[in-house]
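To be precise, the following lines are protein.cif, and they hold mmCIF, C-alpha atoms and all ligand atoms.
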```cif
data_upload
#
loop_
_atom_site.group_PDB
_atom_site.id
_atom_site.type_symbol
_atom_site.label_atom_id
_atom_site.label_comp_id
_atom_site.auth_asym_id
_atom_site.auth_seq_id
_atom_site.Cartn_x
_atom_site.Cartn_y
_atom_site.Cartn_z
ATOM 1 C CA MET R 182 -11.821 4.423 25.440
ATOM 2 C CA HIS R 183 -13.707 1.219 26.190
ATOM 3 C CA GLU R 184 -16.382 0.607 28.795
ATOM 4 C CA THR R 185 -14.871 -2.716 29.829
ATOM 5 C CA ALA R 186 -11.506 -4.429 30.005
ATOM 6 C CA ALA R 187 -12.888 -7.211 27.792
ATOM 7 C CA SER R 188 -13.789 -4.795 25.042
ATOM 8 C CA ALA R 189 -10.363 -3.097 25.272
ATOM 9 C CA ALA R 190 -8.597 -6.465 24.993
ATOM 10 C CA GLY R 191 -10.829 -7.391 22.047
ATOM 11 C CA HIS R 192 -9.777 -4.204 20.298
ATOM 12 C CA VAL R 193 -6.095 -5.044 20.797
ATOM 13 C CA ALA R 194 -6.638 -8.565 19.431
ATOM 14 C CA GLU R 195 -8.310 -6.984 16.401
ATOM 15 C CA LEU R 196 -5.294 -4.715 15.827
ATOM 16 C CA VAL R 197 -3.025 -7.783 15.914
ATOM 17 C CA ARG R 198 -5.271 -9.664 13.476
ATOM 18 C CA ALA R 199 -5.307 -6.694 11.106
ATOM 19 C CA GLN R 200 -1.513 -6.434 11.275
ATOM 20 C CA VAL R 201 -0.972 -10.133 10.549
ATOM 21 C CA ARG R 202 -3.563 -10.242 7.775
ATOM 22 C CA SER R 203 -1.966 -7.294 6.000
ATOM 23 C CA LYS R 204 1.548 -8.742 6.491
ATOM 24 C CA PRO R 205 1.593 -12.465 7.355
ATOM 25 C CA GLY R 206 5.332 -12.370 8.074
ATOM 26 C CA SER R 207 4.970 -9.564 10.620
ATOM 27 C CA VAL R 208 7.399 -9.199 13.487
ATOM 28 C CA LEU R 209 5.306 -8.917 16.650
ATOM 29 C CA GLY R 210 6.581 -7.627 19.969
ATOM 30 C CA LEU R 211 4.774 -9.444 22.778
ATOM 31 C CA ALA R 212 4.157 -8.674 26.426
ATOM 32 C CA THR R 213 3.145 -10.910 29.301
ATOM 33 C CA GLY R 214 1.160 -9.957 32.404
ATOM 34 C CA ALA R 215 -2.449 -10.404 33.407
ATOM 35 C CA THR R 216 -3.672 -7.646 31.073
ATOM 36 C CA MET R 217 -2.576 -9.550 27.977
ATOM 37 C CA GLU R 218 -4.192 -12.867 28.881
ATOM 38 C CA SER R 219 -7.522 -12.141 27.218
ATOM 39 C CA VAL R 220 -5.792 -10.772 24.118
ATOM 40 C CA TYR R 221 -3.985 -14.072 23.677
ATOM 41 C CA ALA R 222 -7.151 -16.080 24.397
ATOM 42 C CA ASP R 223 -8.887 -14.097 21.661
ATOM 43 C CA LEU R 224 -6.047 -14.750 19.197
ATOM 44 C CA VAL R 225 -6.029 -18.464 20.057
ATOM 45 C CA SER R 226 -9.726 -18.714 19.225
ATOM 46 C CA SER R 227 -9.178 -16.873 15.935
ATOM 47 C CA VAL R 228 -6.464 -19.343 14.964
ATOM 48 C CA ARG R 229 -8.552 -22.326 16.072
ATOM 49 C CA SER R 230 -11.542 -21.177 14.052
ATOM 50 C CA GLY R 231 -9.362 -20.711 10.975
ATOM 51 C CA ALA R 232 -9.880 -16.934 10.923
ATOM 52 C CA LEU R 233 -6.176 -16.219 11.509
ATOM 53 C CA SER R 234 -2.840 -17.871 10.903
ATOM 54 C CA LEU R 235 0.286 -16.997 12.860
ATOM 55 C CA SER R 236 2.408 -19.492 10.924
ATOM 56 C CA GLN R 237 4.641 -16.867 9.344
ATOM 57 C CA VAL R 238 5.091 -14.382 12.179
ATOM 58 C CA THR R 239 8.238 -13.809 14.187
ATOM 59 C CA THR R 240 7.805 -12.748 17.806
ATOM 60 C CA PHE R 241 10.006 -11.035 20.344
ATOM 61 C CA ASN R 242 8.883 -10.866 23.954
ATOM 62 C CA LEU R 243 9.787 -7.837 25.988
ATOM 63 C CA ASP R 244 11.366 -9.562 28.904
ATOM 64 C CA GLU R 245 12.193 -12.656 30.946
ATOM 65 C CA TYR R 246 13.056 -13.276 34.580
ATOM 66 C CA ALA R 247 16.653 -14.094 35.429
ATOM 67 C CA GLY R 248 17.211 -17.689 36.454
ATOM 68 C CA LEU R 249 13.920 -19.280 35.391
ATOM 69 C CA THR R 250 13.771 -22.135 32.901
ATOM 70 C CA ALA R 251 10.897 -22.466 30.422
ATOM 71 C CA SER R 252 9.421 -25.236 32.555
ATOM 72 C CA HIS R 253 8.919 -22.833 35.471
ATOM 73 C CA PRO R 254 5.280 -21.682 35.254
ATOM 74 C CA GLY R 255 6.291 -18.153 36.311
ATOM 75 C CA SER R 256 8.793 -17.837 33.458
ATOM 76 C CA TYR R 257 7.656 -15.751 30.546
ATOM 77 C CA ARG R 258 8.642 -18.467 28.058
ATOM 78 C CA GLY R 259 6.443 -20.910 29.983
ATOM 79 C CA THR R 260 3.661 -18.337 30.180
ATOM 80 C CA MET R 261 3.756 -17.637 26.443
ATOM 81 C CA ASN R 262 3.729 -21.361 25.678
ATOM 82 C CA ALA R 263 0.688 -21.826 27.908
ATOM 83 C CA LEU R 264 -1.236 -18.781 26.691
ATOM 84 C CA LEU R 265 -0.425 -18.642 22.990
ATOM 85 C CA PHE R 266 2.405 -20.597 21.436
ATOM 86 C CA ASP R 267 1.196 -24.113 22.339
ATOM 87 C CA HIS R 268 -2.306 -23.477 20.989
ATOM 88 C CA THR R 269 -1.670 -21.889 17.602
ATOM 89 C CA ASP R 270 0.119 -22.631 14.340
ATOM 90 C CA ILE R 271 2.951 -20.294 15.323
ATOM 91 C CA ASP R 272 6.462 -21.568 14.561
ATOM 92 C CA LYS R 273 8.208 -21.675 17.941
ATOM 93 C CA ASN R 274 11.585 -21.493 16.190
ATOM 94 C CA ARG R 275 10.699 -17.887 15.462
ATOM 95 C CA CYS R 276 9.362 -17.061 18.936
ATOM 96 C CA PHE R 277 12.128 -15.312 20.790
ATOM 97 C CA LEU R 278 12.515 -14.342 24.436
ATOM 98 C CA PRO R 279 15.677 -13.443 26.297
ATOM 99 C CA ASP R 280 17.203 -16.543 27.927
ATOM 100 C CA GLY R 281 17.101 -15.927 31.659
ATOM 101 C CA THR R 282 19.197 -19.043 32.283
ATOM 102 C CA ALA R 283 22.187 -17.905 30.202
ATOM 103 C CA SER R 284 25.454 -18.097 32.139
ATOM 104 C CA ASP R 285 26.382 -14.559 31.103
ATOM 105 C CA LEU R 286 23.220 -12.463 31.276
ATOM 106 C CA THR R 287 24.922 -9.309 30.000
ATOM 107 C CA ALA R 288 26.094 -11.132 26.889
ATOM 108 C CA GLU R 289 22.612 -12.619 26.511
ATOM 109 C CA ALA R 290 21.084 -9.125 26.604
ATOM 110 C CA ASP R 291 23.450 -7.983 23.851
ATOM 111 C CA ARG R 292 22.670 -11.101 21.796
ATOM 112 C CA TYR R 293 18.926 -10.447 22.101
ATOM 113 C CA GLU R 294 19.269 -6.795 21.117
ATOM 114 C CA ALA R 295 21.330 -7.807 18.065
ATOM 115 C CA LEU R 296 18.735 -10.422 17.089
ATOM 116 C CA ILE R 297 15.968 -7.804 17.178
ATOM 117 C CA ALA R 298 18.106 -5.529 15.011
ATOM 118 C CA GLU R 299 18.738 -8.390 12.585
ATOM 119 C CA ARG R 300 15.159 -9.691 12.278
ATOM 120 C CA GLY R 301 13.317 -6.474 13.048
ATOM 121 C CA PRO R 302 12.134 -3.869 13.167
ATOM 122 C CA VAL R 303 9.157 -4.954 15.213
ATOM 123 C CA ASP R 304 6.040 -4.102 13.192
ATOM 124 C CA LEU R 305 3.651 -4.071 16.116
ATOM 125 C CA GLN R 306 4.713 -3.994 19.765
ATOM 126 C CA LEU R 307 2.180 -4.894 22.464
ATOM 127 C CA LEU R 308 2.760 -3.229 25.813
ATOM 128 C CA GLY R 309 1.180 -3.321 29.213
ATOM 129 C CA ILE R 310 2.026 -0.715 31.818
ATOM 130 C CA GLY R 311 3.114 -1.256 35.403
ATOM 131 C CA ARG R 312 1.400 0.537 38.278
ATOM 132 C CA ASN R 313 4.666 2.448 38.673
ATOM 133 C CA GLY R 314 4.687 3.376 34.972
ATOM 134 C CA HIS R 315 7.176 0.733 33.875
ATOM 135 C CA ILE R 316 7.146 -0.638 30.327
ATOM 136 C CA GLY R 317 8.807 -3.976 29.813
ATOM 137 C CA PHE R 318 10.838 -4.079 33.021
ATOM 138 C CA ASN R 319 12.146 -0.552 32.544
ATOM 139 C CA GLU R 320 11.541 0.684 36.042
ATOM 140 C CA PRO R 321 11.356 4.382 37.038
ATOM 141 C CA GLY R 322 14.746 6.012 36.474
ATOM 142 C CA SER R 323 15.437 4.021 33.278
ATOM 143 C CA ASP R 324 17.286 5.851 30.564
ATOM 144 C CA LEU R 325 15.553 6.902 27.354
ATOM 145 C CA GLU R 326 18.498 5.464 25.428
ATOM 146 C CA SER R 327 18.411 2.106 27.220
ATOM 147 C CA ARG R 328 18.680 -1.121 25.230
ATOM 148 C CA THR R 329 18.159 -4.752 26.229
ATOM 149 C CA ARG R 330 19.901 -5.328 29.547
ATOM 150 C CA LEU R 331 19.859 -6.983 32.960
ATOM 151 C CA VAL R 332 17.819 -4.988 35.478
ATOM 152 C CA ASP R 333 16.877 -5.148 39.144
ATOM 153 C CA LEU R 334 13.140 -5.320 39.702
ATOM 154 C CA HIS R 335 11.544 -2.787 42.002
ATOM 155 C CA PRO R 336 10.057 -4.412 45.136
ATOM 156 C CA SER R 337 6.628 -3.061 44.079
ATOM 157 C CA THR R 338 6.969 -4.912 40.759
ATOM 158 C CA GLN R 339 7.901 -8.133 42.567
ATOM 159 C CA GLU R 340 4.857 -7.617 44.792
ATOM 160 C CA ALA R 341 2.562 -6.946 41.799
ATOM 161 C CA ASN R 342 3.706 -10.170 40.116
ATOM 162 C CA LYS R 343 3.685 -12.505 43.121
ATOM 163 C CA SER R 344 0.351 -14.069 42.158
ATOM 164 C CA PHE R 345 2.213 -15.833 39.309
ATOM 165 C CA PHE R 346 4.616 -17.499 41.785
ATOM 166 C CA SER R 347 2.293 -19.303 44.200
ATOM 167 C CA GLY R 348 4.217 -18.540 47.371
ATOM 168 C CA GLU R 349 7.700 -18.806 45.865
ATOM 169 C CA ALA R 350 9.937 -15.723 45.827
ATOM 170 C CA VAL R 351 9.607 -13.574 42.712
ATOM 171 C CA PRO R 352 13.019 -13.228 41.014
ATOM 172 C CA SER R 353 14.774 -9.948 41.761
ATOM 173 C CA GLN R 354 16.282 -9.497 38.317
ATOM 174 C CA ALA R 355 15.175 -9.733 34.704
ATOM 175 C CA LEU R 356 16.347 -9.182 31.167
ATOM 176 C CA THR R 357 14.294 -6.538 29.397
ATOM 177 C CA MET R 358 14.222 -4.690 26.120
ATOM 178 C CA GLY R 359 15.251 -1.103 26.832
ATOM 179 C CA ILE R 360 13.162 1.990 26.253
ATOM 180 C CA ALA R 361 15.039 2.749 23.019
ATOM 181 C CA THR R 362 14.540 -0.865 21.896
ATOM 182 C CA ILE R 363 10.801 -0.552 22.474
ATOM 183 C CA LEU R 364 10.637 2.797 20.682
ATOM 184 C CA SER R 365 12.272 1.277 17.601
ATOM 185 C CA ALA R 366 9.030 -0.605 16.825
ATOM 186 C CA ARG R 367 7.028 0.751 13.902
ATOM 187 C CA THR R 368 3.750 0.777 15.821
ATOM 188 C CA ILE R 369 3.100 0.376 19.550
ATOM 189 C CA VAL R 370 -0.167 -0.685 21.158
ATOM 190 C CA VAL R 371 -0.490 -0.082 24.903
ATOM 191 C CA LEU R 372 -3.276 -1.892 26.728
ATOM 192 C CA ALA R 373 -4.114 -0.642 30.227
ATOM 193 C CA THR R 374 -7.169 -1.726 32.166
ATOM 194 C CA GLY R 375 -8.378 -1.276 35.719
ATOM 195 C CA GLU R 376 -8.134 1.596 38.157
ATOM 196 C CA ALA R 377 -4.745 0.433 39.490
ATOM 197 C CA LYS R 378 -3.284 1.713 36.203
ATOM 198 C CA ALA R 379 -5.103 5.066 36.146
ATOM 199 C CA GLU R 380 -2.321 7.068 37.793
ATOM 200 C CA ALA R 381 0.436 5.632 35.602
ATOM 201 C CA VAL R 382 -1.660 6.243 32.472
ATOM 202 C CA ALA R 383 -2.358 9.854 33.439
ATOM 203 C CA LYS R 384 1.312 10.477 34.174
ATOM 204 C CA ALA R 385 2.420 8.811 30.933
ATOM 205 C CA LEU R 386 0.094 10.997 28.891
ATOM 206 C CA SER R 387 0.706 14.231 30.751
ATOM 207 C CA GLY R 388 3.314 15.739 28.435
ATOM 208 C CA CYS R 389 7.018 15.217 27.969
ATOM 209 C CA PHE R 390 9.362 12.524 29.219
ATOM 210 C CA ASP R 391 9.493 12.098 32.975
ATOM 211 C CA ALA R 392 11.991 9.455 34.111
ATOM 212 C CA THR R 393 9.800 8.631 37.118
ATOM 213 C CA CYS R 394 7.265 7.242 34.619
ATOM 214 C CA PRO R 395 9.052 5.300 31.850
ATOM 215 C CA ALA R 396 5.814 4.978 29.833
ATOM 216 C CA SER R 397 5.939 8.742 29.283
ATOM 217 C CA ALA R 398 8.720 7.991 26.744
ATOM 218 C CA LEU R 399 5.969 6.753 24.428
ATOM 219 C CA MET R 400 4.912 10.377 23.841
ATOM 220 C CA SER R 401 7.935 10.739 21.558
ATOM 221 C CA HIS R 402 6.768 7.933 19.231
ATOM 222 C CA ALA R 403 4.587 8.820 16.246
ATOM 223 C CA HIS R 404 2.466 5.656 16.155
ATOM 224 C CA VAL R 405 1.221 4.659 19.600
ATOM 225 C CA HIS R 406 -2.332 3.433 20.197
ATOM 226 C CA TRP R 407 -3.445 3.707 23.813
ATOM 227 C CA VAL R 408 -6.248 1.211 24.397
ATOM 228 C CA LEU R 409 -7.869 1.888 27.762
ATOM 229 C CA ASP R 410 -10.929 0.863 29.672
ATOM 230 C CA ARG R 411 -12.938 3.441 31.606
ATOM 231 C CA ALA R 412 -11.235 2.604 34.912
ATOM 232 C CA ALA R 413 -7.718 3.087 33.550
ATOM 233 C CA ALA R 414 -8.743 6.307 31.790
ATOM 234 C CA GLN R 415 -10.499 7.848 34.801
ATOM 235 C CA LEU R 416 -7.808 10.416 35.634
ATOM 236 C CA LEU R 417 -7.458 11.735 32.091
ATOM 237 C CA ALA R 418 -8.831 15.232 31.610
HETATM 238 C C1 LIG S 1 5.346 -7.958 30.829
HETATM 239 C C2 LIG S 1 5.847 -6.621 31.060
HETATM 240 C C3 LIG S 1 5.255 -5.692 32.060
HETATM 241 C C4 LIG S 1 3.726 -5.760 32.139
HETATM 242 C C5 LIG S 1 3.218 -4.812 33.213
HETATM 243 C C6 LIG S 1 1.719 -4.929 33.406
HETATM 244 O O1 LIG S 1 6.044 -8.588 29.794
HETATM 245 O O2 LIG S 1 6.803 -6.283 30.448
HETATM 246 O O3 LIG S 1 5.661 -4.382 31.765
HETATM 247 O O4 LIG S 1 3.179 -5.413 30.896
HETATM 248 O O5 LIG S 1 3.848 -5.084 34.429
HETATM 249 O O6 LIG S 1 1.456 -6.189 33.937
HETATM 250 P P1 LIG S 1 -0.040 -6.657 34.250
HETATM 251 O O7 LIG S 1 -0.713 -6.777 32.942
HETATM 252 O O8 LIG S 1 0.118 -7.978 34.955
HETATM 253 O O9 LIG S 1 -0.647 -5.605 35.107
#
```

Encoded form using structure tokens:
Amino acid sequence: MHETAASAAGHVAELVRAQVRSKPGSVLGLATGATMESVYADLVSSVRSGALSLSQVTTFNLDEYAGLTASHPGSYRGTMNALLFDHTDIDKNRCFLPDGTASDLTAEADRYEALIAERGPVDLQLLGIGRNGHIGFNEPGSDLESRTRLVDLHPSTQEANKSFFSGEAVPSQALTMGIATILSARTIVVLATGEAKAEAVAKALSGCFDATCPASALMSHAHVHWVLDRAAAQLLA
């Protein structure tokens, strides 16, 4: 447990650096969202200072909004370019996200799942957690066996993400890795900071799988690091 969100994010960046240094061709699973921004800023400064190279990694992002092109600042491809990809030596040909503009989004989900199976497994998966306990865009009620698919976003998730859309409507659908896809990673690192996440964190860590809190599925994985600040950990016994 960390006193501050900054220290928690620094710890996650350190776990990524350690992973890439021990295996330069690592497959990294990436998340977007406000929580991850300082992790990526930390990694960018490591690459800029020469302390880290991402030139051999392959990355798979968890999710992408339906209908948004990379040039839309709210799109996750655009976000990843702005936060990480454009500022490091990463090879963008090996940076994968679902294509939210595909004409057949169901086929695109299947293609993405197959690509992860082909190039994976993911060595280290970064995860944030939604206030409602979602991981990726697996909203409450998601199946433990779910794979990459098209999902409807919960209105509370649209509300939580509206700051990224400056007044425009937040898309109502997204492509997301499923819970089973996420659990197929070798190691998972969950970063949760701030008191808005405290309830979801407590529910996720309370015992066995509870479909009302998809993050509780992580209890069944042998290698999950929960990296929390004091505010997010406040409801843990
Ligand atoms: C993002 C994602 C989401 C976020 C979660 C937390 O790719 O899949 O599950 O990790 O919504 O978002 P923030 O960090 O904005 O609170």

Would you kindly translate the PyMOL selection byres (((chain R and resi 365) around 12) and not hetatm) into the concrete residues it picks from this file, as a VMD selection string?
-> chain R and resid 210 294 297 to 298 301 to 306 325 to 328 358 to 364 366 to 369 398 to 399 401 to 405

Box along x, y and z, 5 Å on every side, all listed atoms of ligand LIG 1 (chain S) inside: centre and edge lengths in Å to one decimal, as lines of an AutoDock Vina configuration file.
```
center_x = 3.0
center_y = -6.5
center_z = 32.5
size_x = 17.5
size_y = 14.2
size_z = 15.3
```

Quick one: apply the PyMOL selection byres (((chain R and resi 414) around 9) and not hetatm) to the file and drop the selected residues here as an MDAnalysis selection string.
-> chainID R and resid 182 373:376 378:380 382:383 409:413 415:418

Selection dump of the PyMOL selection byres (((not hetatm)) within 9 of (chain S and resi 1)), as a PyMOL selection string = chain R and resi 211-218+242-245+257+307-320+338+341-342+357-358+371-375+377-378

Leaving out Asp270 (chain R) and any residue of its chain fewer than 4 positions from it, which residues lie within 9 Å of it when counting only C-alpha atoms, given as a PDB file with C-alpha atoms, keeping the file's coordinate frame?
```
ATOM      1  CA  VAL R 228      -6.464 -19.343  14.964  1.00  0.00           C
ATOM      2  CA  ARG R 229      -8.552 -22.326  16.072  1.00  0.00           C
ATOM      3  CA  SER R 234      -2.840 -17.871  10.903  1.00  0.00           C
ATOM      4  CA  LEU R 235       0.286 -16.997  12.860  1.00  0.00           C
ATOM      5  CA  SER R 236       2.408 -19.492  10.924  1.00  0.00           C
ATOM      6  CA  GLN R 237       4.641 -16.867   9.344  1.00  0.00           C
ATOM      7  CA  PHE R 266       2.405 -20.597  21.436  1.00  0.00           C
TER       8      PHE R 266
END
```

Residue neighbourhood Thr239 (chain R), 7 Å, all atoms listed in the file, exclusion window fewer than 5 positions, as JSON, numbers by chain | {"R": [206, 207, 208, 209, 275, 276]}

Go ahead and save the residues from that selection, with C-alpha atoms, as a CSV table (one decimal), in the coordinates of the input.
```
chain,number,residue,atom,x,y,z
R,206,GLY,CA,5.3,-12.4,8.1
R,207,SER,CA,5.0,-9.6,10.6
R,208,VAL,CA,7.4,-9.2,13.5
R,209,LEU,CA,5.3,-8.9,16.6
R,275,ARG,CA,10.7,-17.9,15.5
R,276,CYS,CA,9.4,-17.1,18.9
```
